[in-house]
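So this one's protein_21.cif, mmCIF, C-alpha atoms:
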```cif
data_data
loop_
_atom_site.label_atom_id
_atom_site.label_comp_id
_atom_site.auth_asym_id
_atom_site.auth_seq_id
_atom_site.Cartn_x
_atom_site.Cartn_y
_atom_site.Cartn_z
CA MET A 1 -11.61 15.29 29.46
CA ALA A 2 -8.68 16.40 31.62
CA GLY A 3 -8.16 12.79 32.58
CA LEU A 4 -7.35 11.76 29.00
CA GLN A 5 -3.68 11.37 28.32
CA GLU A 6 -1.60 10.52 25.33
CA LEU A 7 -0.67 6.85 25.16
CA ARG A 8 2.78 6.03 23.84
CA PHE A 9 3.91 2.68 22.48
CA PRO A 10 7.15 1.07 23.51
CA GLU A 11 9.28 0.99 20.39
CA GLU A 12 9.14 -2.28 18.49
CA LYS A 13 12.25 -3.58 16.83
CA PRO A 14 12.04 -4.13 13.07
CA LEU A 15 11.63 -7.79 12.32
CA LEU A 16 14.99 -8.15 10.63
CA ARG A 17 17.10 -6.17 13.08
CA GLY A 18 19.74 -8.22 14.79
CA GLN A 19 19.97 -10.86 12.09
CA ASP A 20 23.36 -11.27 10.50
CA ALA A 21 24.06 -10.23 6.92
CA ALA A 22 24.31 -13.79 5.67
CA GLU A 23 20.84 -14.59 6.96
CA LEU A 24 19.44 -11.40 5.45
CA GLU A 25 20.88 -12.27 2.08
CA ASN A 26 18.97 -15.53 2.08
CA SER A 27 15.76 -14.98 0.14
CA ASP A 28 14.03 -17.55 2.33
CA SER A 29 13.84 -14.93 5.09
CA PHE A 30 11.33 -13.14 2.91
CA LEU A 31 9.79 -15.90 0.84
CA LEU A 32 9.03 -18.65 3.34
CA ALA A 33 5.40 -18.88 4.43
CA VAL A 34 4.25 -19.93 7.87
CA ASP A 35 2.10 -22.71 6.50
CA THR A 36 1.30 -24.53 3.29
CA ASP A 37 -2.37 -23.58 3.07
CA TRP A 38 -1.84 -21.10 0.25
CA LYS A 39 -3.10 -22.13 -3.19
CA GLU A 40 -1.86 -20.59 -6.43
CA HIS A 41 -4.09 -19.62 -9.34
CA ASP A 42 -3.57 -18.03 -12.74
CA ILE A 43 -6.76 -16.16 -13.56
CA GLU A 44 -7.86 -15.04 -17.01
CA THR A 45 -8.75 -11.35 -17.19
CA PRO A 46 -9.54 -8.96 -20.07
CA TYR A 47 -5.88 -7.84 -20.02
CA GLY A 48 -4.06 -11.13 -19.56
CA LEU A 49 -3.30 -13.67 -16.86
CA LEU A 50 -3.07 -12.63 -13.23
CA HIS A 51 -1.16 -14.69 -10.67
CA VAL A 52 -3.03 -14.96 -7.36
CA VAL A 53 -2.47 -16.91 -4.14
CA ILE A 54 -5.32 -17.51 -1.73
CA ARG A 55 -5.84 -18.99 1.72
CA GLY A 56 -9.24 -19.96 3.08
CA SER A 57 -12.67 -19.77 1.47
CA PRO A 58 -15.37 -17.09 1.49
CA LYS A 59 -17.01 -16.88 4.91
CA GLY A 60 -20.69 -15.95 4.57
CA ASN A 61 -21.13 -12.27 3.80
CA ARG A 62 -17.68 -11.35 5.03
CA PRO A 63 -15.40 -9.65 2.51
CA ALA A 64 -12.09 -11.10 1.44
CA ILE A 65 -8.84 -9.35 2.28
CA LEU A 66 -7.19 -8.63 -1.08
CA THR A 67 -3.65 -7.26 -1.31
CA TYR A 68 -1.67 -5.57 -4.06
CA HIS A 69 2.10 -5.02 -3.74
CA ASP A 70 4.34 -2.10 -4.68
CA VAL A 71 6.47 -1.84 -7.80
CA GLY A 72 9.77 -3.70 -7.43
CA LEU A 73 8.21 -6.29 -5.15
CA ASN A 74 5.71 -9.14 -5.30
CA HIS A 75 3.20 -10.34 -2.73
CA LYS A 76 5.85 -12.31 -0.82
CA LEU A 77 8.47 -9.57 -0.60
CA CYS A 78 5.82 -6.99 0.23
CA PHE A 79 3.46 -8.80 2.60
CA ASN A 80 4.98 -11.97 4.06
CA THR A 81 6.40 -10.23 7.14
CA PHE A 82 3.06 -8.56 7.88
CA PHE A 83 0.78 -11.55 7.31
CA ASN A 84 3.13 -13.95 9.11
CA PHE A 85 3.22 -11.72 12.19
CA GLU A 86 1.78 -13.59 15.16
CA ASP A 87 -0.92 -11.07 16.11
CA MET A 88 -2.10 -10.89 12.50
CA GLN A 89 -3.29 -14.49 12.76
CA GLU A 90 -6.13 -13.36 15.02
CA ILE A 91 -7.41 -11.32 12.09
CA THR A 92 -6.75 -13.63 9.17
CA LYS A 93 -8.55 -16.58 10.77
CA HIS A 94 -11.78 -14.61 10.26
CA PHE A 95 -11.23 -13.78 6.57
CA VAL A 96 -10.15 -15.37 3.33
CA VAL A 97 -6.88 -13.73 2.20
CA CYS A 98 -6.07 -13.19 -1.47
CA HIS A 99 -2.69 -11.86 -2.64
CA VAL A 100 -2.47 -10.49 -6.19
CA ASP A 101 0.80 -10.25 -8.10
CA ALA A 102 1.02 -7.64 -10.84
CA PRO A 103 1.60 -9.25 -14.27
CA GLY A 104 5.03 -10.83 -14.53
CA GLN A 105 6.18 -9.85 -11.02
CA GLN A 106 5.66 -13.16 -9.20
CA VAL A 107 8.53 -15.45 -8.20
CA GLY A 108 9.64 -17.49 -11.20
CA ALA A 109 7.69 -15.45 -13.76
CA SER A 110 8.66 -15.89 -17.40
CA GLN A 111 9.93 -12.85 -19.22
CA PHE A 112 7.36 -11.13 -21.40
CA PRO A 113 7.99 -11.42 -25.15
CA GLN A 114 9.46 -8.57 -27.16
CA GLY A 115 6.82 -5.92 -27.85
CA TYR A 116 4.54 -6.92 -24.97
CA GLN A 117 2.34 -4.02 -23.89
CA PHE A 118 2.16 -3.88 -20.11
CA PRO A 119 -1.33 -2.97 -18.83
CA SER A 120 -1.92 0.63 -17.81
CA MET A 121 -2.68 1.42 -14.18
CA GLU A 122 -6.37 1.69 -15.09
CA GLN A 123 -6.22 -1.71 -16.83
CA LEU A 124 -4.50 -3.28 -13.81
CA ALA A 125 -7.46 -2.10 -11.73
CA ALA A 126 -9.90 -3.45 -14.33
CA MET A 127 -8.33 -6.92 -14.01
CA LEU A 128 -9.43 -7.28 -10.39
CA PRO A 129 -13.19 -7.91 -10.94
CA SER A 130 -12.15 -11.15 -12.66
CA VAL A 131 -10.44 -12.21 -9.42
CA VAL A 132 -13.50 -11.28 -7.35
CA GLN A 133 -15.79 -13.21 -9.71
CA HIS A 134 -13.49 -16.23 -9.97
CA PHE A 135 -13.54 -16.84 -6.22
CA GLY A 136 -17.11 -15.73 -5.62
CA PHE A 137 -16.25 -12.83 -3.34
CA LYS A 138 -19.10 -10.40 -2.71
CA TYR A 139 -16.69 -7.57 -1.96
CA VAL A 140 -13.18 -7.04 -0.64
CA ILE A 141 -11.16 -5.07 1.87
CA GLY A 142 -8.06 -4.01 -0.03
CA ILE A 143 -4.55 -3.55 1.34
CA GLY A 144 -2.21 -1.86 -1.12
CA VAL A 145 1.30 -0.43 -0.95
CA GLY A 146 2.65 2.26 -3.29
CA ALA A 147 1.76 1.28 -6.84
CA GLY A 148 -0.58 -1.37 -5.42
CA ALA A 149 -2.36 1.27 -3.35
CA TYR A 150 -2.89 3.33 -6.50
CA VAL A 151 -4.30 0.30 -8.33
CA LEU A 152 -6.71 -0.51 -5.49
CA ALA A 153 -7.85 3.13 -5.26
CA LYS A 154 -8.57 3.07 -9.01
CA PHE A 155 -10.42 -0.23 -8.54
CA ALA A 156 -12.59 1.31 -5.81
CA LEU A 157 -13.36 4.34 -7.97
CA ILE A 158 -14.38 2.23 -10.97
CA PHE A 159 -16.11 -0.58 -9.05
CA PRO A 160 -17.23 0.95 -5.73
CA ASP A 161 -19.76 -1.80 -5.02
CA LEU A 162 -16.97 -4.38 -4.86
CA VAL A 163 -14.91 -2.60 -2.21
CA GLU A 164 -15.89 -2.35 1.45
CA GLY A 165 -12.74 -0.76 2.81
CA LEU A 166 -9.18 0.18 1.84
CA VAL A 167 -5.84 0.32 3.64
CA LEU A 168 -3.59 2.41 1.42
CA MET A 169 0.10 2.59 2.35
CA ASN A 170 2.48 5.02 0.63
CA ILE A 171 -0.09 6.09 -1.95
CA ASP A 172 0.74 9.00 -4.24
CA PRO A 173 -2.40 10.35 -5.97
CA ASN A 174 -0.39 12.49 -8.40
CA GLY A 175 0.72 11.61 -11.88
CA LYS A 176 4.39 11.97 -12.65
CA GLY A 177 5.85 14.76 -14.77
CA TRP A 178 9.33 15.33 -16.14
CA ILE A 179 10.55 17.17 -13.05
CA ASP A 180 9.55 14.29 -10.76
CA TRP A 181 11.07 11.75 -13.14
CA ALA A 182 14.39 13.61 -13.40
CA ALA A 183 14.59 14.01 -9.63
CA THR A 184 14.20 10.25 -9.18
CA LYS A 185 17.04 9.59 -11.63
CA VAL A 186 19.38 12.15 -10.09
CA SER A 187 18.56 10.88 -6.59
CA ALA A 188 19.39 7.30 -7.51
CA VAL A 189 22.69 8.29 -9.15
CA HIS A 190 23.65 10.45 -6.16
CA LEU A 191 22.87 7.73 -3.63
CA GLU A 192 24.72 5.08 -5.55
CA GLY A 193 27.74 7.38 -5.76
CA GLY A 194 27.82 7.63 -1.98
CA GLY A 195 26.29 11.09 -1.67
CA ALA A 196 24.28 12.07 1.34
CA GLY A 197 21.45 13.54 -0.63
CA GLY A 198 18.68 11.93 -2.61
CA ALA A 199 15.44 10.28 -1.60
CA GLY A 200 13.58 12.54 -3.98
CA ARG A 201 10.03 13.37 -3.13
CA SER A 202 10.07 12.79 0.61
CA GLN A 203 11.49 16.25 1.24
CA GLY A 204 9.31 17.88 -1.36
CA GLN A 205 12.21 18.15 -3.82
CA GLY A 206 11.38 17.35 -7.39
CA ARG A 207 7.62 17.73 -6.96
CA ALA A 208 6.31 19.78 -9.82
CA GLY A 209 4.40 22.93 -8.99
CA GLY A 210 0.82 23.35 -10.11
CA LEU A 211 1.58 24.97 -13.48
CA GLU A 212 4.62 22.77 -14.12
CA ARG A 213 2.61 19.64 -13.34
CA ARG A 214 -0.16 20.62 -15.75
CA LEU A 215 2.38 21.33 -18.48
CA LEU A 216 4.62 18.33 -17.90
CA ASN A 217 2.22 15.58 -16.91
CA TRP A 218 2.49 13.47 -20.03
CA PRO A 219 3.63 9.81 -20.28
CA LEU A 220 7.29 9.36 -19.51
CA PRO A 221 9.90 8.07 -21.94
CA GLY A 222 10.64 4.38 -22.07
CA PRO A 223 13.79 2.43 -21.25
CA GLN A 224 15.89 4.35 -23.80
CA LEU A 225 16.58 7.00 -21.13
CA SER A 226 17.09 4.60 -18.28
CA GLY A 227 20.85 4.99 -18.64
CA LEU A 228 20.68 8.05 -16.40
CA THR A 229 20.83 5.62 -13.51
CA SER A 230 23.09 2.59 -13.51
CA THR A 231 20.73 -0.04 -12.11
CA LEU A 232 16.98 -0.49 -11.95
CA PRO A 233 17.08 -1.95 -8.41
CA ASP A 234 18.76 1.21 -7.05
CA THR A 235 16.12 3.37 -8.73
CA VAL A 236 13.36 1.24 -7.21
CA LEU A 237 15.00 1.39 -3.78
CA SER A 238 14.78 5.20 -3.83
CA HIS A 239 11.03 4.74 -4.28
CA LEU A 240 10.70 2.19 -1.46
CA PHE A 241 12.94 3.50 1.32
CA SER A 242 13.47 6.71 3.23
CA GLN A 243 16.51 8.91 2.69
CA GLU A 244 17.93 7.94 6.06
CA GLU A 245 17.63 4.23 5.28
CA LEU A 246 19.29 4.61 1.89
CA VAL A 247 22.16 6.80 3.06
CA SER A 248 22.95 4.51 5.99
CA ASN A 249 22.52 1.50 3.68
CA THR A 250 20.81 -0.55 6.38
CA GLU A 251 20.77 -4.33 6.37
CA LEU A 252 17.15 -4.17 5.31
CA VAL A 253 18.03 -2.03 2.28
CA GLN A 254 20.90 -4.33 1.36
CA SER A 255 18.68 -7.37 1.57
CA TYR A 256 15.92 -5.83 -0.54
CA ARG A 257 18.48 -4.73 -3.13
CA GLN A 258 19.47 -8.36 -3.51
CA GLN A 259 15.88 -9.64 -3.58
CA ILE A 260 14.79 -7.09 -6.19
CA SER A 261 17.81 -8.00 -8.34
CA ASN A 262 17.48 -11.77 -8.04
CA VAL A 263 13.84 -12.64 -7.36
CA VAL A 264 11.93 -10.26 -9.66
CA ASN A 265 12.37 -10.57 -13.44
CA GLN A 266 14.20 -7.36 -14.38
CA ALA A 267 12.70 -6.91 -17.85
CA ASN A 268 9.17 -7.38 -16.48
CA LEU A 269 9.95 -5.02 -13.59
CA GLN A 270 11.13 -2.35 -16.04
CA LEU A 271 7.76 -2.52 -17.81
CA PHE A 272 5.83 -2.18 -14.54
CA TRP A 273 8.12 0.64 -13.37
CA ASN A 274 7.66 2.56 -16.64
CA MET A 275 3.89 2.17 -16.48
CA TYR A 276 3.68 3.28 -12.85
CA ASN A 277 5.71 6.35 -13.71
CA SER A 278 3.36 7.11 -16.59
CA ARG A 279 0.30 7.18 -14.33
CA ARG A 280 -2.21 10.00 -14.37
CA ASP A 281 -3.44 11.93 -11.37
CA LEU A 282 -5.90 9.92 -9.30
CA ASP A 283 -9.14 11.71 -10.11
CA ILE A 284 -10.41 12.41 -6.59
CA SER A 285 -11.55 15.53 -4.73
CA ARG A 286 -12.83 16.08 -1.22
CA PRO A 287 -16.67 16.26 -1.23
CA GLY A 288 -17.86 19.85 -1.17
CA THR A 289 -14.70 21.31 -2.68
CA VAL A 290 -15.77 21.02 -6.33
CA PRO A 291 -19.13 20.31 -8.00
CA ASN A 292 -19.81 16.57 -8.42
CA ALA A 293 -16.61 15.68 -6.59
CA LYS A 294 -15.45 12.11 -7.12
CA THR A 295 -13.88 10.36 -4.13
CA LEU A 296 -13.57 6.97 -2.47
CA ARG A 297 -16.92 5.98 -0.98
CA CYS A 298 -15.64 3.30 1.41
CA PRO A 299 -13.79 3.69 4.74
CA VAL A 300 -10.09 4.32 4.11
CA MET A 301 -7.04 4.04 6.34
CA LEU A 302 -4.01 5.88 4.96
CA VAL A 303 -0.64 4.72 6.31
CA VAL A 304 2.83 6.20 5.85
CA GLY A 305 6.11 6.05 7.71
CA ASP A 306 7.67 9.19 9.09
CA ASN A 307 10.04 10.71 6.45
CA ALA A 308 9.11 8.01 3.92
CA PRO A 309 9.46 8.96 0.23
CA ALA A 310 5.67 8.86 -0.12
CA GLU A 311 4.92 11.09 2.88
CA ASP A 312 3.98 14.18 0.85
CA GLY A 313 1.79 12.14 -1.48
CA VAL A 314 -0.10 10.45 1.36
CA VAL A 315 -0.72 13.80 3.06
CA GLU A 316 -2.08 15.17 -0.20
CA CYS A 317 -4.27 12.10 -0.68
CA ASN A 318 -5.68 12.63 2.80
CA SER A 319 -6.65 16.19 1.82
CA LYS A 320 -8.65 14.83 -1.13
CA LEU A 321 -10.65 12.15 0.72
CA ASP A 322 -13.88 12.36 2.65
CA PRO A 323 -12.90 13.22 6.24
CA THR A 324 -15.95 11.39 7.60
CA THR A 325 -14.59 8.00 6.48
CA THR A 326 -10.82 8.48 6.51
CA THR A 327 -8.18 7.61 9.09
CA PHE A 328 -4.61 8.85 8.62
CA LEU A 329 -1.93 6.83 10.41
CA LYS A 330 1.60 8.25 10.43
CA MET A 331 4.05 5.76 11.92
CA ALA A 332 7.22 6.99 13.56
CA ASP A 333 10.51 5.17 13.06
CA SER A 334 9.09 2.81 10.48
CA GLY A 335 10.90 3.96 7.34
CA GLY A 336 9.54 3.37 3.87
CA LEU A 337 8.05 -0.09 4.51
CA PRO A 338 5.98 0.04 7.72
CA GLN A 339 4.43 -3.36 7.05
CA VAL A 340 7.95 -4.85 7.22
CA THR A 341 9.58 -2.79 9.98
CA GLN A 342 6.58 -2.31 12.30
CA PRO A 343 4.11 -5.14 11.62
CA GLY A 344 2.85 -5.08 15.22
CA LYS A 345 1.74 -1.47 15.14
CA LEU A 346 0.18 -1.91 11.73
CA THR A 347 -1.69 -5.01 12.91
CA GLU A 348 -3.16 -3.05 15.81
CA ALA A 349 -4.30 -0.29 13.48
CA PHE A 350 -5.80 -2.75 11.01
CA LYS A 351 -7.69 -4.58 13.75
CA TYR A 352 -9.27 -1.36 14.92
CA PHE A 353 -10.08 -0.39 11.33
CA LEU A 354 -11.97 -3.67 10.92
CA GLN A 355 -13.76 -3.18 14.23
CA GLY A 356 -14.86 0.25 13.02
CA MET A 357 -16.58 -1.51 10.11
CA GLY A 358 -18.38 -3.86 12.48
CA TYR A 359 -16.08 -6.90 12.25
CA MET A 360 -14.37 -8.80 15.07
CA PRO A 361 -16.27 -7.02 17.88
CA SER A 362 -15.09 -9.58 20.43
CA ALA A 363 -11.41 -9.06 19.63
CA SER A 364 -9.40 -7.50 22.42
CA MET A 365 -9.04 -3.75 22.18
CA THR A 366 -5.41 -2.85 21.54
CA ARG A 367 -3.35 0.03 22.82
CA LEU A 368 -3.74 1.91 19.55
CA ALA A 369 -7.50 1.37 19.69
CA ARG A 370 -7.70 2.75 23.21
CA SER A 371 -5.65 5.79 22.22
CA ARG A 372 -7.77 6.45 19.17
CA THR A 373 -11.02 5.86 21.08
CA ALA A 374 -9.92 8.44 23.64
CA SER A 375 -9.25 10.90 20.83
CA LEU A 376 -12.65 10.20 19.28
CA THR A 377 -14.35 10.65 22.65
CA SER A 378 -12.62 13.97 23.15
CA ALA A 379 -13.47 15.19 19.66
CA ASN A 380 -17.08 14.06 19.80
CA SER A 381 -17.65 15.77 23.13
CA VAL A 382 -17.29 19.09 21.29
CA ASP A 383 -20.09 18.67 18.78
CA GLY A 384 -22.12 15.84 20.28
CA SER A 385 -21.85 13.57 17.23
CA ARG A 386 -21.55 9.84 17.72
CA PRO A 387 -19.38 7.59 15.57
CA GLN A 388 -20.99 4.44 14.21
CA ALA A 389 -19.55 1.30 12.68
CA CYS A 390 -19.37 1.50 8.91
CA THR A 391 -20.36 -1.64 7.03
CA HIS A 392 -20.92 -2.30 3.36
CA SER A 393 -24.67 -2.48 3.81
CA GLU A 394 -25.10 0.73 5.76
CA SER A 395 -26.56 3.81 4.13
CA SER A 396 -24.59 6.94 3.34
CA GLU A 397 -26.45 8.68 6.16
CA GLY A 398 -24.91 6.21 8.60
CA LEU A 399 -21.45 6.88 7.21
CA GLY A 400 -21.93 10.57 7.70
CA GLN A 401 -22.12 10.15 11.45
CA VAL A 402 -18.38 9.61 11.65
CA ASN A 403 -17.15 13.11 11.17
CA HIS A 404 -13.47 13.29 11.98
CA THR A 405 -10.34 12.34 10.08
CA MET A 406 -8.21 10.87 12.83
CA GLU A 407 -4.46 11.48 12.48
CA VAL A 408 -2.66 9.04 14.74
CA SER A 409 1.12 9.17 15.12
CA CYS A 410 2.58 6.11 16.77
#
```

Just dump the structure as structure tokens.
Amino acid sequence: MAGLQELRFPEEKPLLRGQDAAELENSDSFLLAVDTDWKEHDIETPYGLLHVVIRGSPKGNRPAILTYHDVGLNHKLCFNTFFNFEDMQEITKHFVVCHVDAPGQQVGASQFPQGYQFPSMEQLAAMLPSVVQHFGFKYVIGIGVGAGAYVLAKFALIFPDLVEGLVLMNIDPNGKGWIDWAATKVSAVHLEGGGAGGAGRSQGQGRAGGLERRLLNWPLPGPQLSGLTSTLPDTVLSHLFSQEELVSNTELVQSYRQQISNVVNQANLQLFWNMYNSRRDLDISRPGTVPNAKTLRCPVMLVVGDNAPAEDGVVECNSKLDPTTTTFLKMADSGGLPQVTQPGKLTEAFKYFLQGMGYMPSASMTRLARSRTASLTSANSVDGSRPQACTHSESSEGLGQVNHTMEVSC
């Protein structure tokens, strides 16, 4: 094993670096698609209509790739950069891709009527089986960011037979209490006023302690207290971006501020934001830690950028998942939106994740795959276990053969 050495990636430039401000302010830089093969659908669900765009058709027994965006975004603002990345096309040609927009968050959405009750996070998850049934998917591989990652995790807990794998970026498994909520408000006000602080939870500030969380974890107040911060977009930005990105007010942050303000309906966004910040703890525990522990049964890849606001939450989520089926990918220099700033690295990781489930075996092994394979080889030489591909049809005994949570920093 002495011959194994750490492999380092040459740093990739964020997609939008080097573009001028005028180009960044043009929403087309985010909203244009590479091709016109996407088809839009409005699907009836038990909790209202769901806007979905899809490309391709179900391919045999292969799952569909289903995405769910973060709060403040929609599928275009969240995923276009990633899915339009050149190397990603090698993956998507093998799968049907289905993007889901949370109610009222899609481009051009009408404002909800007065008194509309936005679905809870559990109800958002319960809307997804209607999408699966509508298109005839047998099961899906989910890719979620932030609030979307929470929704997909809930979906997998409630309907485990419909989910073959999950890529969860910036997931926070904790409900929000008053201390967390107040910290978000103060952070947004401070950042907007030009202070060098803020960014809330990424540094552990504002996270309620165990007793405080149990006492304070009730639904948050509605818009009547939103005056503590001057604009909703700035509050959302403190959820999306790292402290460094916000303080330096990068071109990417400036552009997303404009997109969130102009592309997403603000009244609808406020409803989604309030509901996300009223979420309960994700009811998961690592197997063996408590009797009858409930956890995600499918392979999971957790992704977070270094110093991202969600870093603490993702680390905690990792501690609650089954280590035999979980990969933890911490991406250096990617900020709060790794799928936007480092799509190449994320594509490599996703390709290897799919190969680990038995898909795309003929695809070329990437640098990240070689690095992770070397780590697996080193780890397995200690106890003699042998990792196996995890597919939807394999038994739980087969899944148990993979016995290491791999933490890969790249």

Practice problem: Evaluate the PyMOL selection byres ((chain A and resi 134-145) around 9) on the structure here and hand back the selected residues as a PyMOL selection string. | Solution: chain A and resi 43+57-58+61-71+78+129-133+146-153+161-171+337+392

Write the residues you've just listed into a file as a PDB file, in the coordinates of the input, and include C-alpha atoms for each of them.
```
ATOM      1  CA  ILE A  43      -6.760 -16.160 -13.560  1.00  0.00           C
ATOM      2  CA  SER A  57     -12.670 -19.770   1.470  1.00  0.00           C
ATOM      3  CA  PRO A  58     -15.370 -17.090   1.490  1.00  0.00           C
ATOM      4  CA  ASN A  61     -21.130 -12.270   3.800  1.00  0.00           C
ATOM      5  CA  ARG A  62     -17.680 -11.350   5.030  1.00  0.00           C
ATOM      6  CA  PRO A  63     -15.400  -9.650   2.510  1.00  0.00           C
ATOM      7  CA  ALA A  64     -12.090 -11.100   1.440  1.00  0.00           C
ATOM      8  CA  ILE A  65      -8.840  -9.350   2.280  1.00  0.00           C
ATOM      9  CA  LEU A  66      -7.190  -8.630  -1.080  1.00  0.00           C
ATOM     10  CA  THR A  67      -3.650  -7.260  -1.310  1.00  0.00           C
ATOM     11  CA  TYR A  68      -1.670  -5.570  -4.060  1.00  0.00           C
ATOM     12  CA  HIS A  69       2.100  -5.020  -3.740  1.00  0.00           C
ATOM     13  CA  ASP A  70       4.340  -2.100  -4.680  1.00  0.00           C
ATOM     14  CA  VAL A  71       6.470  -1.840  -7.800  1.00  0.00           C
ATOM     15  CA  CYS A  78       5.820  -6.990   0.230  1.00  0.00           C
ATOM     16  CA  PRO A 129     -13.190  -7.910 -10.940  1.00  0.00           C
ATOM     17  CA  SER A 130     -12.150 -11.150 -12.660  1.00  0.00           C
ATOM     18  CA  VAL A 131     -10.440 -12.210  -9.420  1.00  0.00           C
ATOM     19  CA  VAL A 132     -13.500 -11.280  -7.350  1.00  0.00           C
ATOM     20  CA  GLN A 133     -15.790 -13.210  -9.710  1.00  0.00           C
ATOM     21  CA  GLY A 146       2.650   2.260  -3.290  1.00  0.00           C
ATOM     22  CA  ALA A 147       1.760   1.280  -6.840  1.00  0.00           C
ATOM     23  CA  GLY A 148      -0.580  -1.370  -5.420  1.00  0.00           C
ATOM     24  CA  ALA A 149      -2.360   1.270  -3.350  1.00  0.00           C
ATOM     25  CA  TYR A 150      -2.890   3.330  -6.500  1.00  0.00           C
ATOM     26  CA  VAL A 151      -4.300   0.300  -8.330  1.00  0.00           C
ATOM     27  CA  LEU A 152      -6.710  -0.510  -5.490  1.00  0.00           C
ATOM     28  CA  ALA A 153      -7.850   3.130  -5.260  1.00  0.00           C
ATOM     29  CA  ASP A 161     -19.760  -1.800  -5.020  1.00  0.00           C
ATOM     30  CA  LEU A 162     -16.970  -4.380  -4.860  1.00  0.00           C
ATOM     31  CA  VAL A 163     -14.910  -2.600  -2.210  1.00  0.00           C
ATOM     32  CA  GLU A 164     -15.890  -2.350   1.450  1.00  0.00           C
ATOM     33  CA  GLY A 165     -12.740  -0.760   2.810  1.00  0.00           C
ATOM     34  CA  LEU A 166      -9.180   0.180   1.840  1.00  0.00           C
ATOM     35  CA  VAL A 167      -5.840   0.320   3.640  1.00  0.00           C
ATOM     36  CA  LEU A 168      -3.590   2.410   1.420  1.00  0.00           C
ATOM     37  CA  MET A 169       0.100   2.590   2.350  1.00  0.00           C
ATOM     38  CA  ASN A 170       2.480   5.020   0.630  1.00  0.00           C
ATOM     39  CA  ILE A 171      -0.090   6.090  -1.950  1.00  0.00           C
ATOM     40  CA  LEU A 337       8.050  -0.090   4.510  1.00  0.00           C
ATOM     41  CA  HIS A 392     -20.920  -2.300   3.360  1.00  0.00           C
TER      42      HIS A 392
END
```

Which residues fall under the PyMOL selection byres ((chain A and resi 310) around 7) in this file, as a compact mmCIF listing (two decimals) with C-alpha atoms, in the coordinates of the input?
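For reference, expr_25.txt as written:
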```
# COMPACT_ATOMS: atom_id res chain seq x y z
CA ASN A 170 2.48 5.02 0.63
CA ILE A 171 -0.09 6.09 -1.95
CA ASP A 172 0.74 9.00 -4.24
CA ARG A 201 10.03 13.37 -3.13
CA SER A 202 10.07 12.79 0.61
CA ALA A 308 9.11 8.01 3.92
CA PRO A 309 9.46 8.96 0.23
CA GLU A 311 4.92 11.09 2.88
CA ASP A 312 3.98 14.18 0.85
CA GLY A 313 1.79 12.14 -1.48
CA VAL A 314 -0.10 10.45 1.36
```

Self-check item: Residue nearest Phe155 in chain A - candidates A:Asn174, A:Gln243, A:Gln355, A:Gln123, atoms counted: all atoms listed in the file
Solution: A:Gln123

Practice problem: Just say which residues the PyMOL selection byres ((chain A and resi 360) around 12) picks in this file, as a list in words. | Solution: Arg62, Glu90, Ile91, Thr92, Lys93, His94, Phe95, Phe350, Lys351, Tyr352, Phe353, Leu354, Gln355, Gly356, Met357, Gly358, Tyr359, Pro361, Ser362, Ala363, Ser364, Met365 and Ala389 of chain A

Grab the residues selected above and save them as a CSV table (one decimal), in the frame of the given file with C-alpha atoms.
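In the end it all went to result.csv:
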```csv
chain,number,residue,atom,x,y,z
A,62,ARG,CA,-17.7,-11.4,5.0
A,90,GLU,CA,-6.1,-13.4,15.0
A,91,ILE,CA,-7.4,-11.3,12.1
A,92,THR,CA,-6.8,-13.6,9.2
A,93,LYS,CA,-8.6,-16.6,10.8
A,94,HIS,CA,-11.8,-14.6,10.3
A,95,PHE,CA,-11.2,-13.8,6.6
A,350,PHE,CA,-5.8,-2.8,11.0
A,351,LYS,CA,-7.7,-4.6,13.8
A,352,TYR,CA,-9.3,-1.4,14.9
A,353,PHE,CA,-10.1,-0.4,11.3
A,354,LEU,CA,-12.0,-3.7,10.9
A,355,GLN,CA,-13.8,-3.2,14.2
A,356,GLY,CA,-14.9,0.2,13.0
A,357,MET,CA,-16.6,-1.5,10.1
A,358,GLY,CA,-18.4,-3.9,12.5
A,359,TYR,CA,-16.1,-6.9,12.2
A,361,PRO,CA,-16.3,-7.0,17.9
A,362,SER,CA,-15.1,-9.6,20.4
A,363,ALA,CA,-11.4,-9.1,19.6
A,364,SER,CA,-9.4,-7.5,22.4
A,365,MET,CA,-9.0,-3.8,22.2
A,389,ALA,CA,-19.6,1.3,12.7
```

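Note that the spacing between CA of Lys76 in chain A and CA of Met301 in chain A amounts to 22.0 Å.
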
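Counting from CA of Ser319 in chain A, the distance to CA of Thr235 in chain A is 28.2 Å.
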
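Interatomic distance, CA of Val96 in chain A to CA of Val263 in chain A: 26.4 Å.
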
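Considering the residues A:Leu296, A:Val290, A:Leu237, A:Val340 and counting only C-alpha atoms, Thr324 in chain A has its shortest atom-to-atom contact with A:Leu296.
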
Quiz prompt | Which of A:Pro103, A:Gly56, A:Pro287, A:Gly72 sits closest to Asp42 in chain A [using all atoms listed in the file] | solution = A:Pro103

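Proximity ranking of A:Arg286, A:Glu348, A:Thr45, A:Pro343 relative to Asn80 in chain A places A:Pro343 first, based on all atoms listed in the file.
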
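Summary of the local environment: counting all atoms listed in the file, residues at most 9 Å from Ser261 in chain A, other than itself and those fewer than 5 positions away along its chain, are Leu232, Pro233, Tyr256 and Gln266 of chain A.
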
Quiz item: Using all atoms listed in the file, can you list as a PyMOL selection string the residues within 10 Å of (0.0, 1.0, -19.5)?
Solution: chain A and resi 117-124+219+271-272+274-279

Quiz item: Between A:Thr341, A:Asn265, A:His75, A:Leu346, which one has atoms that come closest to Gln111 in chain A, using only C-alpha atoms?
Solution: A:Asn265
